[in-house]
>>> print(open('data-v7.cif').read())   # mmCIF, C-alpha atoms and all ligand atoms; chains and numbers go by the auth columns
data_my_file
#
loop_
_atom_site.group_PDB
_atom_site.id
_atom_site.type_symbol
_atom_site.label_atom_id
_atom_site.label_comp_id
_atom_site.label_asym_id
_atom_site.label_seq_id
_atom_site.Cartn_x
_atom_site.Cartn_y
_atom_site.Cartn_z
_atom_site.B_iso_or_equiv
_atom_site.auth_seq_id
_atom_site.auth_asym_id
ATOM 1 C CA MET A 1 110.256 218.133 314.443 0.00 1 Q
ATOM 2 C CA ALA A 2 109.036 216.628 311.138 0.00 2 Q
ATOM 3 C CA ASP A 3 105.303 216.138 310.666 0.00 3 Q
ATOM 4 C CA GLY A 4 104.094 212.964 312.338 0.00 4 Q
ATOM 5 C CA ALA A 5 107.474 212.200 313.956 0.00 5 Q
ATOM 6 C CA GLN A 6 107.184 211.013 317.536 0.00 6 Q
ATOM 7 C CA PRO A 7 109.366 212.664 320.196 0.00 7 Q
ATOM 8 C CA THR A 8 112.052 210.319 321.447 0.00 8 Q
ATOM 9 C CA GLN A 9 112.070 208.939 324.965 0.00 9 Q
ATOM 10 C CA ALA A 10 115.006 211.233 325.731 0.00 10 Q
ATOM 11 C CA THR A 11 113.088 214.307 324.569 0.00 11 Q
ATOM 12 C CA LEU A 12 110.071 213.424 326.718 0.00 12 Q
ATOM 13 C CA VAL A 13 112.247 212.846 329.788 0.00 13 Q
ATOM 14 C CA LYS A 14 114.158 216.056 329.139 0.00 14 Q
ATOM 15 C CA GLN A 15 110.992 218.100 328.745 0.00 15 Q
ATOM 16 C CA ALA A 16 109.580 216.696 331.995 0.00 16 Q
ATOM 17 C CA GLN A 17 112.680 217.652 333.976 0.00 17 Q
ATOM 18 C CA PRO A 18 112.536 220.709 336.234 0.00 18 Q
ATOM 19 C CA LYS A 19 114.530 223.618 334.809 0.00 19 Q
ATOM 20 C CA THR A 20 117.236 224.564 337.284 0.00 20 Q
ATOM 21 C CA ALA A 21 120.745 225.942 337.032 0.00 21 Q
ATOM 22 C CA TYR A 22 122.266 222.597 338.011 0.00 22 Q
ATOM 23 C CA ASN A 23 122.748 220.151 335.195 0.00 23 Q
ATOM 24 C CA PRO A 24 124.858 217.202 336.364 0.00 24 Q
ATOM 25 C CA ALA A 25 127.548 216.208 333.907 0.00 25 Q
ATOM 26 C CA ASP A 26 127.335 212.922 332.054 0.00 26 Q
ATOM 27 C CA VAL A 27 123.841 211.911 333.127 0.00 27 Q
ATOM 28 C CA SER A 28 121.630 213.814 330.697 0.00 28 Q
ATOM 29 C CA PRO A 29 118.822 211.772 329.145 0.00 29 Q
ATOM 30 C CA GLN A 30 120.210 212.611 325.730 0.00 30 Q
ATOM 31 C CA ARG A 31 123.589 211.219 326.646 0.00 31 Q
ATOM 32 C CA ARG A 32 121.973 208.102 328.029 0.00 32 Q
ATOM 33 C CA VAL A 33 120.158 207.547 324.774 0.00 33 Q
ATOM 34 C CA GLN A 34 123.352 208.094 322.847 0.00 34 Q
ATOM 35 C CA ARG A 35 125.185 205.489 324.913 0.00 35 Q
ATOM 36 C CA ARG A 36 125.920 202.372 323.031 0.00 36 Q
ATOM 37 C CA TYR A 37 125.743 198.996 324.677 0.00 37 Q
ATOM 38 C CA SER A 38 127.020 197.240 321.587 0.00 38 Q
ATOM 39 C CA VAL A 39 130.261 195.799 322.998 0.00 39 Q
ATOM 40 C CA ARG A 40 128.533 194.666 326.186 0.00 40 Q
ATOM 41 C CA LEU A 41 125.831 192.993 324.107 0.00 41 Q
ATOM 42 C CA TRP A 42 128.452 191.445 321.818 0.00 42 Q
ATOM 43 C CA SER A 43 130.042 189.841 324.882 0.00 43 Q
ATOM 44 C CA VAL A 44 126.711 188.325 325.881 0.00 44 Q
ATOM 45 C CA ARG A 45 126.184 187.016 322.351 0.00 45 Q
ATOM 46 C CA HIS A 46 129.630 185.423 322.489 0.00 46 Q
ATOM 47 C CA SER A 47 129.382 184.204 326.078 0.00 47 Q
ATOM 48 C CA ARG A 48 130.260 180.628 325.113 0.00 48 Q
ATOM 49 C CA GLY A 49 133.536 181.642 323.500 0.00 49 Q
ATOM 50 C CA LEU A 50 134.347 184.026 326.324 0.00 50 Q
ATOM 51 C CA GLU A 51 133.614 181.285 328.868 0.00 51 Q
ATOM 52 C CA TRP A 52 136.148 179.061 327.106 0.00 52 Q
ATOM 53 C CA PHE A 53 138.696 181.864 326.873 0.00 53 Q
ATOM 54 C CA TYR A 54 138.220 182.898 330.501 0.00 54 Q
ATOM 55 C CA ALA A 55 138.815 179.337 331.731 0.00 55 Q
ATOM 56 C CA ARG A 56 142.113 179.156 329.789 0.00 56 Q
ATOM 57 C CA PHE A 57 143.061 182.607 330.974 0.00 57 Q
ATOM 58 C CA ALA A 58 142.430 181.641 334.610 0.00 58 Q
ATOM 59 C CA ASP A 59 144.652 178.565 334.129 0.00 59 Q
ATOM 60 C CA VAL A 60 147.486 180.727 332.798 0.00 60 Q
ATOM 61 C CA PHE A 61 147.100 183.164 335.664 0.00 61 Q
ATOM 62 C CA LEU A 62 147.250 180.287 338.124 0.00 62 Q
ATOM 63 C CA LEU A 63 150.386 178.914 336.442 0.00 63 Q
ATOM 64 C CA LEU A 64 151.909 182.320 337.047 0.00 64 Q
ATOM 65 C CA HIS A 65 151.192 182.054 340.788 0.00 65 Q
ATOM 66 C CA PRO A 66 154.909 181.566 341.614 0.00 66 Q
ATOM 67 C CA LEU A 67 155.643 184.781 339.726 0.00 67 Q
ATOM 68 C CA TRP A 68 152.884 186.731 341.524 0.00 68 Q
ATOM 69 C CA LYS A 69 154.185 185.331 344.799 0.00 69 Q
ATOM 70 C CA ALA A 70 157.787 186.270 343.998 0.00 70 Q
ATOM 71 C CA VAL A 71 156.820 189.776 342.930 0.00 71 Q
ATOM 72 C CA GLY A 72 154.313 190.009 345.745 0.00 72 Q
ATOM 73 C CA TYR A 73 150.552 190.038 345.120 0.00 73 Q
ATOM 74 C CA GLN A 74 150.351 193.522 346.610 0.00 74 Q
ATOM 75 C CA ARG A 75 152.932 194.880 344.208 0.00 75 Q
ATOM 76 C CA ALA A 76 151.372 193.082 341.229 0.00 76 Q
ATOM 77 C CA GLU A 77 147.971 194.560 341.993 0.00 77 Q
ATOM 78 C CA ALA A 78 148.439 198.016 340.451 0.00 78 Q
ATOM 79 C CA PRO A 79 149.592 196.883 336.975 0.00 79 Q
ATOM 80 C CA VAL A 80 147.179 193.929 336.851 0.00 80 Q
ATOM 81 C CA LYS A 81 144.302 196.139 337.931 0.00 81 Q
ATOM 82 C CA PHE A 82 145.247 198.692 335.281 0.00 82 Q
ATOM 83 C CA VAL A 83 144.902 196.065 332.547 0.00 83 Q
ATOM 84 C CA GLU A 84 141.862 194.326 334.093 0.00 84 Q
ATOM 85 C CA LYS A 85 139.940 197.567 334.387 0.00 85 Q
ATOM 86 C CA ARG A 86 140.499 198.486 330.756 0.00 86 Q
ATOM 87 C CA VAL A 87 139.938 195.068 329.225 0.00 87 Q
ATOM 88 C CA LYS A 88 136.813 194.289 331.253 0.00 88 Q
ATOM 89 C CA GLY A 89 135.648 197.865 330.992 0.00 89 Q
ATOM 90 C CA LEU A 90 135.696 197.554 327.221 0.00 90 Q
ATOM 91 C CA LEU A 91 134.131 194.095 327.015 0.00 91 Q
ATOM 92 C CA PHE A 92 131.631 194.182 329.883 0.00 92 Q
ATOM 93 C CA ASP A 93 131.382 197.786 331.126 0.00 93 Q
ATOM 94 C CA CYS A 94 133.003 196.366 334.277 0.00 94 Q
ATOM 95 C CA ARG A 95 132.625 198.480 337.430 0.00 95 Q
ATOM 96 C CA MET A 96 135.529 196.766 339.240 0.00 96 Q
ATOM 97 C CA CYS A 97 133.475 195.337 342.071 0.00 97 Q
ATOM 98 C CA GLY A 98 136.428 193.034 342.783 0.00 98 Q
ATOM 99 C CA GLN A 99 134.264 189.906 343.090 0.00 99 Q
ATOM 100 C CA CYS A 100 133.553 188.974 339.517 0.00 100 Q
ATOM 101 C CA ILE A 101 130.600 186.701 338.777 0.00 101 Q
ATOM 102 C CA LEU A 102 130.519 187.049 334.986 0.00 102 Q
ATOM 103 C CA SER A 103 130.815 183.291 334.550 0.00 103 Q
ATOM 104 C CA SER A 104 127.570 182.930 336.532 0.00 104 Q
ATOM 105 C CA THR A 105 125.724 185.706 334.736 0.00 105 Q
ATOM 106 C CA GLY A 106 126.021 184.892 331.060 0.00 106 Q
ATOM 107 C CA MET A 107 128.904 187.383 330.718 0.00 107 Q
ATOM 108 C CA SER A 108 126.517 190.246 331.523 0.00 108 Q
ATOM 109 C CA CYS A 109 127.946 192.324 334.373 0.00 109 Q
ATOM 110 C CA PRO A 110 125.311 192.660 337.130 0.00 110 Q
ATOM 111 C CA MET A 111 126.952 195.827 338.433 0.00 111 Q
ATOM 112 C CA ASN A 112 125.504 197.630 335.412 0.00 112 Q
ATOM 113 C CA CYS A 113 122.063 197.082 336.915 0.00 113 Q
ATOM 114 C CA PRO A 114 121.190 200.502 338.400 0.00 114 Q
ATOM 115 C CA LYS A 115 119.996 198.649 341.511 0.00 115 Q
ATOM 116 C CA GLN A 116 123.134 196.470 341.504 0.00 116 Q
ATOM 117 C CA LEU A 117 121.063 193.328 341.918 0.00 117 Q
ATOM 118 C CA ARG A 118 123.194 190.184 341.959 0.00 118 Q
ATOM 119 C CA ASN A 119 120.455 187.560 342.063 0.00 119 Q
ATOM 120 C CA GLY A 120 118.186 188.261 339.141 0.00 120 Q
ATOM 121 C CA PRO A 121 116.037 191.106 337.892 0.00 121 Q
ATOM 122 C CA CYS A 122 113.725 193.300 339.908 0.00 122 Q
ATOM 123 C CA GLY A 123 110.035 193.346 339.091 0.00 123 Q
ATOM 124 C CA GLY A 124 110.367 196.359 336.842 0.00 124 Q
ATOM 125 C CA VAL A 125 111.658 194.906 333.589 0.00 125 Q
ATOM 126 C CA ARG A 126 109.798 196.552 330.716 0.00 126 Q
ATOM 127 C CA ALA A 127 107.789 194.586 328.180 0.00 127 Q
ATOM 128 C CA ASN A 128 110.545 195.144 325.626 0.00 128 Q
ATOM 129 C CA GLY A 129 113.143 193.657 328.003 0.00 129 Q
ATOM 130 C CA ASN A 130 114.651 197.015 328.945 0.00 130 Q
ATOM 131 C CA CYS A 131 115.457 198.413 332.379 0.00 131 Q
ATOM 132 C CA GLU A 132 112.836 200.415 334.271 0.00 132 Q
ATOM 133 C CA VAL A 133 115.436 202.909 335.511 0.00 133 Q
ATOM 134 C CA GLU A 134 117.348 203.247 332.222 0.00 134 Q
ATOM 135 C CA PRO A 135 114.592 202.848 329.614 0.00 135 Q
ATOM 136 C CA ASP A 136 117.016 202.634 326.724 0.00 136 Q
ATOM 137 C CA MET A 137 119.228 199.998 328.301 0.00 137 Q
ATOM 138 C CA PRO A 138 118.496 196.287 327.928 0.00 138 Q
ATOM 139 C CA CYS A 139 118.013 194.794 331.409 0.00 139 Q
ATOM 140 C CA VAL A 140 121.342 193.236 332.382 0.00 140 Q
ATOM 141 C CA TRP A 141 119.495 190.262 333.849 0.00 141 Q
ATOM 142 C CA VAL A 142 117.478 189.587 330.705 0.00 142 Q
ATOM 143 C CA LYS A 143 120.801 189.593 328.864 0.00 143 Q
ATOM 144 C CA ALA A 144 122.391 187.481 331.611 0.00 144 Q
ATOM 145 C CA TRP A 145 119.793 184.786 331.102 0.00 145 Q
ATOM 146 C CA GLU A 146 120.262 184.855 327.312 0.00 146 Q
ATOM 147 C CA GLY A 147 124.041 184.655 327.715 0.00 147 Q
ATOM 148 C CA SER A 148 123.835 181.848 330.253 0.00 148 Q
ATOM 149 C CA ARG A 149 121.778 179.702 327.847 0.00 149 Q
ATOM 150 C CA ARG A 150 124.706 179.748 325.422 0.00 150 Q
ATOM 151 C CA MET A 151 127.269 178.697 328.027 0.00 151 Q
ATOM 152 C CA ARG A 152 128.432 175.219 328.942 0.00 152 Q
ATOM 153 C CA GLU A 153 128.202 176.000 332.672 0.00 153 Q
ATOM 154 C CA GLY A 154 125.310 178.393 332.208 0.00 154 Q
ATOM 155 C CA ASP A 155 123.208 176.878 334.994 0.00 155 Q
ATOM 156 C CA ALA A 156 125.561 178.599 337.426 0.00 156 Q
ATOM 157 C CA ILE A 157 123.167 181.512 337.005 0.00 157 Q
ATOM 158 C CA LEU A 158 120.843 179.637 339.381 0.00 158 Q
ATOM 159 C CA ASN A 159 123.395 179.830 342.230 0.00 159 Q
ATOM 160 C CA ILE A 160 122.581 182.300 344.987 0.00 160 Q
ATOM 161 C CA GLN A 161 125.151 185.087 345.084 0.00 161 Q
ATOM 162 C CA LYS A 162 126.355 186.760 348.254 0.00 162 Q
ATOM 163 C CA PRO A 163 125.699 190.480 348.688 0.00 163 Q
ATOM 164 C CA VAL A 164 128.391 192.729 347.217 0.00 164 Q
ATOM 165 C CA ASP A 165 131.276 193.323 349.580 0.00 165 Q
ATOM 166 C CA GLN A 166 131.874 197.005 348.915 0.00 166 Q
ATOM 167 C CA SER A 167 135.256 196.859 350.642 0.00 167 Q
ATOM 168 C CA LEU A 168 136.539 194.931 347.606 0.00 168 Q
ATOM 169 C CA ARG A 169 135.679 197.669 345.097 0.00 169 Q
ATOM 170 C CA GLU A 170 138.522 198.749 342.814 0.00 170 Q
ATOM 171 C CA THR A 171 140.534 195.619 343.548 0.00 171 Q
ATOM 172 C CA SER A 172 141.609 192.935 341.101 0.00 172 Q
ATOM 173 C CA ALA A 173 139.229 189.990 340.834 0.00 173 Q
ATOM 174 C CA TRP A 174 141.772 188.205 338.639 0.00 174 Q
ATOM 175 C CA LEU A 175 144.405 188.192 341.368 0.00 175 Q
ATOM 176 C CA ARG A 176 141.926 187.328 344.105 0.00 176 Q
ATOM 177 C CA VAL A 177 140.602 184.296 342.226 0.00 177 Q
ATOM 178 C CA THR A 178 144.154 183.185 341.413 0.00 178 Q
ATOM 179 C CA ALA A 179 145.357 183.488 344.999 0.00 179 Q
ATOM 180 C CA GLN A 180 142.301 181.587 346.246 0.00 180 Q
ATOM 181 C CA ALA A 181 142.759 178.787 343.701 0.00 181 Q
ATOM 182 C CA ALA A 182 146.470 178.550 344.572 0.00 182 Q
ATOM 183 C CA ALA A 183 145.719 178.360 348.296 0.00 183 Q
ATOM 184 C CA GLU A 184 143.106 175.641 347.717 0.00 184 Q
ATOM 185 C CA GLY A 185 145.583 173.694 345.564 0.00 185 Q
ATOM 186 C CA GLU A 186 148.310 173.928 348.191 0.00 186 Q
ATOM 187 C CA GLN A 187 145.901 172.850 350.920 0.00 187 Q
ATOM 188 C CA ALA A 188 144.742 169.855 348.877 0.00 188 Q
ATOM 189 C CA LYS A 189 148.383 168.846 348.286 0.00 189 Q
ATOM 190 C CA ALA A 190 149.170 169.172 352.018 0.00 190 Q
ATOM 191 C CA GLU A 191 146.153 167.015 352.953 0.00 191 Q
ATOM 192 C CA ALA A 192 147.133 164.359 350.404 0.00 192 Q
ATOM 193 C CA ALA A 193 150.738 164.182 351.690 0.00 193 Q
HETATM 194 S S1 LIG B . 130.983 191.442 338.209 0.00 201 O
HETATM 195 FE FE1 LIG B . 132.376 192.983 339.139 0.00 201 O
HETATM 196 S S2 LIG B . 134.470 192.482 338.428 0.00 201 O
HETATM 197 FE FE2 LIG B . 132.972 191.324 337.146 0.00 201 O
HETATM 198 S S3 LIG B . 132.669 192.620 335.322 0.00 201 O
HETATM 199 FE FE3 LIG B . 131.062 193.209 336.825 0.00 201 O
HETATM 200 S S4 LIG B . 131.916 194.884 338.088 0.00 201 O
HETATM 201 FE FE4 LIG B . 133.604 193.915 336.946 0.00 201 O
#
>>> encode(input="data-v7.cif", output="structure tokens")
Amino acid sequence: MADGAQPTQATLVKQAQPKTAYNPADVSPQRRVQRRYSVRLWSVRHSRGLEWFYARFADVFLLLHPLWKAVGYQRAEAPVKFVEKRVKGLLFDCRMCGQCILSSTGMSCPMNCPKQLRNGPCGGVRANGNCEVEPDMPCVWVKAWEGSRRMREGDAILNIQKPVDQSLRETSAWLRVTAQAAAEGEQAKAEAA
């Protein structure tokens, strides 16, 4: 190390770790430090535009309801999920919880919180706004608040969210929201008739 240079957070954590033969893959402190959150943070910075785009996208998906119904929602799930996982994985580091609340969290995915909190941050946010568990990661809830302030419907962040239903993991939130909206529309039409 060069004279006067401070060891990085990753080095300190690594040095403090017990030396054993087992070194789990993909969770080394060094790798954590090397992780980039740039696309996720870009999405939060552009939450207003993404909010607009998502609303249009949901409308298009709903217009396609007859197609999903003809094909069968079950059969459509695999290809839609394939695309959803990759697109949202890239933009939001989506964990496919199947019950997306990005529009209520400033486009910052709460499932990236190591504690998976869905109703705001824990008490451990660091002074620099980073996570207490992942010191190099900006707290997803600090980012959620910043993102929500840019959004037209940003106050939705104040809504209380239900606990995560783990049985919905790895399912398509896009299709679920579409099917729900279609059912509500059909019910409203039936009541008006
Ligand atoms: S809230 Fe769930 S579906 Fe939405 S981006 Fe996060 S993990 Fe994916």
>>> closest_residue(input="data-v7.cif", among="Q:Ala127, Q:Met151, Q:Val177, Q:Val83", to="Ser103 in chain Q", atoms="only C-alpha atoms")
Q:Met151
>>> atom_distance(input="data-v7.cif", atom1="CA of Glu132 in chain Q", atom2="CA of Cys113 in chain Q")
10.2 Å
>>> atom_distance(input="data-v7.cif", atom1="CA of Arg45 in chain Q", atom2="CA of Lys88 in chain Q")
15.7 Å
>>> resolve_selection(input="data-v7.cif", expression="the PyMOL selection byres (((not hetatm)) within 10 of (chain O and resi 201))", output="ChimeraX atom specification")
/Q:84-85,87-105,107-113,116,118,164,168-174
>>> closest_residue(input="data-v7.cif", among="Q:Gly129, Q:Lys189, Q:Pro79, Q:Asp165", to="Glu146 in chain Q", atoms="only C-alpha atoms")
Q:Gly129
>>> atom_distance(input="data-v7.cif", atom1="CA of Leu175 in chain Q", atom2="CA of Glu77 in chain Q")
7.3 Å
>>> residues_around(input="data-v7.cif", residues="Leu158 in chain Q", least_positions_apart="3", cutoff="12 Å", atoms="all atoms listed in the file", output="PDB file with C-alpha atoms, in the coordinates of the input")
ATOM      1  CA  SER Q 103     130.815 183.291 334.550  1.00  0.00           C
ATOM      2  CA  SER Q 104     127.570 182.930 336.532  1.00  0.00           C
ATOM      3  CA  THR Q 105     125.724 185.706 334.736  1.00  0.00           C
ATOM      4  CA  GLY Q 106     126.021 184.892 331.060  1.00  0.00           C
ATOM      5  CA  ARG Q 118     123.194 190.184 341.959  1.00  0.00           C
ATOM      6  CA  ASN Q 119     120.455 187.560 342.063  1.00  0.00           C
ATOM      7  CA  GLY Q 120     118.186 188.261 339.141  1.00  0.00           C
ATOM      8  CA  ALA Q 144     122.391 187.481 331.611  1.00  0.00           C
ATOM      9  CA  TRP Q 145     119.793 184.786 331.102  1.00  0.00           C
ATOM     10  CA  SER Q 148     123.835 181.848 330.253  1.00  0.00           C
ATOM     11  CA  ARG Q 149     121.778 179.702 327.847  1.00  0.00           C
ATOM     12  CA  GLU Q 153     128.202 176.000 332.672  1.00  0.00           C
ATOM     13  CA  GLY Q 154     125.310 178.393 332.208  1.00  0.00           C
ATOM     14  CA  ASP Q 155     123.208 176.878 334.994  1.00  0.00           C
ATOM     15  CA  GLN Q 161     125.151 185.087 345.084  1.00  0.00           C
TER      16      GLN Q 161
END
>>> resolve_selection(input="data-v7.cif", expression="the PyMOL selection byres (((chain Q and resi 137) around 10) and not hetatm)", output="PyMOL selection string")
chain Q and resi 32-33+35-37+112-113+129-136+138-140
>>> closest_residue(input="data-v7.cif", among="Q:Cys122, Q:Tyr22, Q:Leu117, Q:Thr11", to="Pro163 in chain Q", atoms="all atoms listed in the file")
Q:Leu117
>>> resolve_selection(input="data-v7.cif", expression="the PyMOL selection byres (((chain Q and resi 73) around 12) and not hetatm)", output="compact mmCIF listing (two decimals) with C-alpha atoms, keeping the file's coordinate frame")
# COMPACT_ATOMS: atom_id res chain seq x y z
CA LEU Q 64 151.91 182.32 337.05
CA HIS Q 65 151.19 182.05 340.79
CA PRO Q 66 154.91 181.57 341.61
CA LEU Q 67 155.64 184.78 339.73
CA TRP Q 68 152.88 186.73 341.52
CA LYS Q 69 154.18 185.33 344.80
CA ALA Q 70 157.79 186.27 344.00
CA VAL Q 71 156.82 189.78 342.93
CA GLY Q 72 154.31 190.01 345.74
CA GLN Q 74 150.35 193.52 346.61
CA ARG Q 75 152.93 194.88 344.21
CA ALA Q 76 151.37 193.08 341.23
CA GLU Q 77 147.97 194.56 341.99
CA ALA Q 78 148.44 198.02 340.45
CA PRO Q 79 149.59 196.88 336.98
CA VAL Q 80 147.18 193.93 336.85
CA LYS Q 81 144.30 196.14 337.93
CA THR Q 171 140.53 195.62 343.55
CA SER Q 172 141.61 192.94 341.10
CA TRP Q 174 141.77 188.20 338.64
CA LEU Q 175 144.40 188.19 341.37
CA ARG Q 176 141.93 187.33 344.10
CA VAL Q 177 140.60 184.30 342.23
CA THR Q 178 144.15 183.18 341.41
CA ALA Q 179 145.36 183.49 345.00
CA GLN Q 180 142.30 181.59 346.25
>>> decode(input="data-v7.cif", residues="range 96-114 of chain Q", atoms="N, CA and C atoms", output="compact mmCIF listing (two decimals), in the first residue's frame")
# COMPACT_ATOMS: atom_id res chain seq x y z
N MET Q 96 -37.64 -10.14 -8.74
CA MET Q 96 -38.83 -10.89 -9.14
C MET Q 96 -39.66 -11.33 -7.93
N CYS Q 97 -40.04 -10.36 -7.12
CA CYS Q 97 -40.89 -10.70 -5.97
C CYS Q 97 -42.32 -10.99 -6.44
N GLY Q 98 -42.65 -10.52 -7.66
CA GLY Q 98 -43.97 -10.82 -8.21
C GLY Q 98 -45.05 -9.86 -7.75
N GLN Q 99 -44.72 -8.90 -6.91
CA GLN Q 99 -45.71 -7.93 -6.43
C GLN Q 99 -45.05 -6.55 -6.42
N CYS Q 100 -44.85 -6.07 -7.63
CA CYS Q 100 -44.01 -4.88 -7.82
C CYS Q 100 -44.62 -3.62 -7.19
N ILE Q 101 -43.76 -2.88 -6.47
CA ILE Q 101 -44.23 -1.62 -5.89
C ILE Q 101 -43.31 -0.46 -6.28
N LEU Q 102 -42.62 -0.63 -7.42
CA LEU Q 102 -41.68 0.41 -7.85
C LEU Q 102 -42.33 1.79 -7.96
N SER Q 103 -43.60 1.81 -8.40
CA SER Q 103 -44.25 3.11 -8.57
C SER Q 103 -44.53 3.78 -7.22
N SER Q 104 -44.43 3.01 -6.14
CA SER Q 104 -44.62 3.59 -4.80
C SER Q 104 -43.29 3.78 -4.07
N THR Q 105 -42.20 3.46 -4.74
CA THR Q 105 -40.91 3.55 -4.04
C THR Q 105 -39.87 4.28 -4.89
N GLY Q 106 -40.34 5.29 -5.59
CA GLY Q 106 -39.39 6.14 -6.33
C GLY Q 106 -38.55 5.39 -7.34
N MET Q 107 -39.05 4.24 -7.82
CA MET Q 107 -38.34 3.40 -8.78
C MET Q 107 -37.07 2.78 -8.17
N SER Q 108 -37.04 2.67 -6.84
CA SER Q 108 -35.94 1.99 -6.16
C SER Q 108 -36.51 0.69 -5.59
N CYS Q 109 -36.01 -0.44 -6.08
CA CYS Q 109 -36.62 -1.72 -5.69
C CYS Q 109 -36.33 -2.06 -4.23
N PRO Q 110 -37.37 -2.19 -3.40
CA PRO Q 110 -37.15 -2.44 -1.97
C PRO Q 110 -36.59 -3.83 -1.68
N MET Q 111 -36.69 -4.73 -2.68
CA MET Q 111 -36.18 -6.08 -2.44
C MET Q 111 -34.66 -6.11 -2.46
N ASN Q 112 -34.03 -4.99 -2.84
CA ASN Q 112 -32.57 -4.91 -2.74
C ASN Q 112 -32.12 -4.53 -1.35
N CYS Q 113 -33.06 -4.16 -0.49
CA CYS Q 113 -32.73 -3.94 0.92
C CYS Q 113 -32.39 -5.31 1.51
N PRO Q 114 -31.21 -5.46 2.13
CA PRO Q 114 -30.84 -6.77 2.67
C PRO Q 114 -31.87 -7.30 3.68
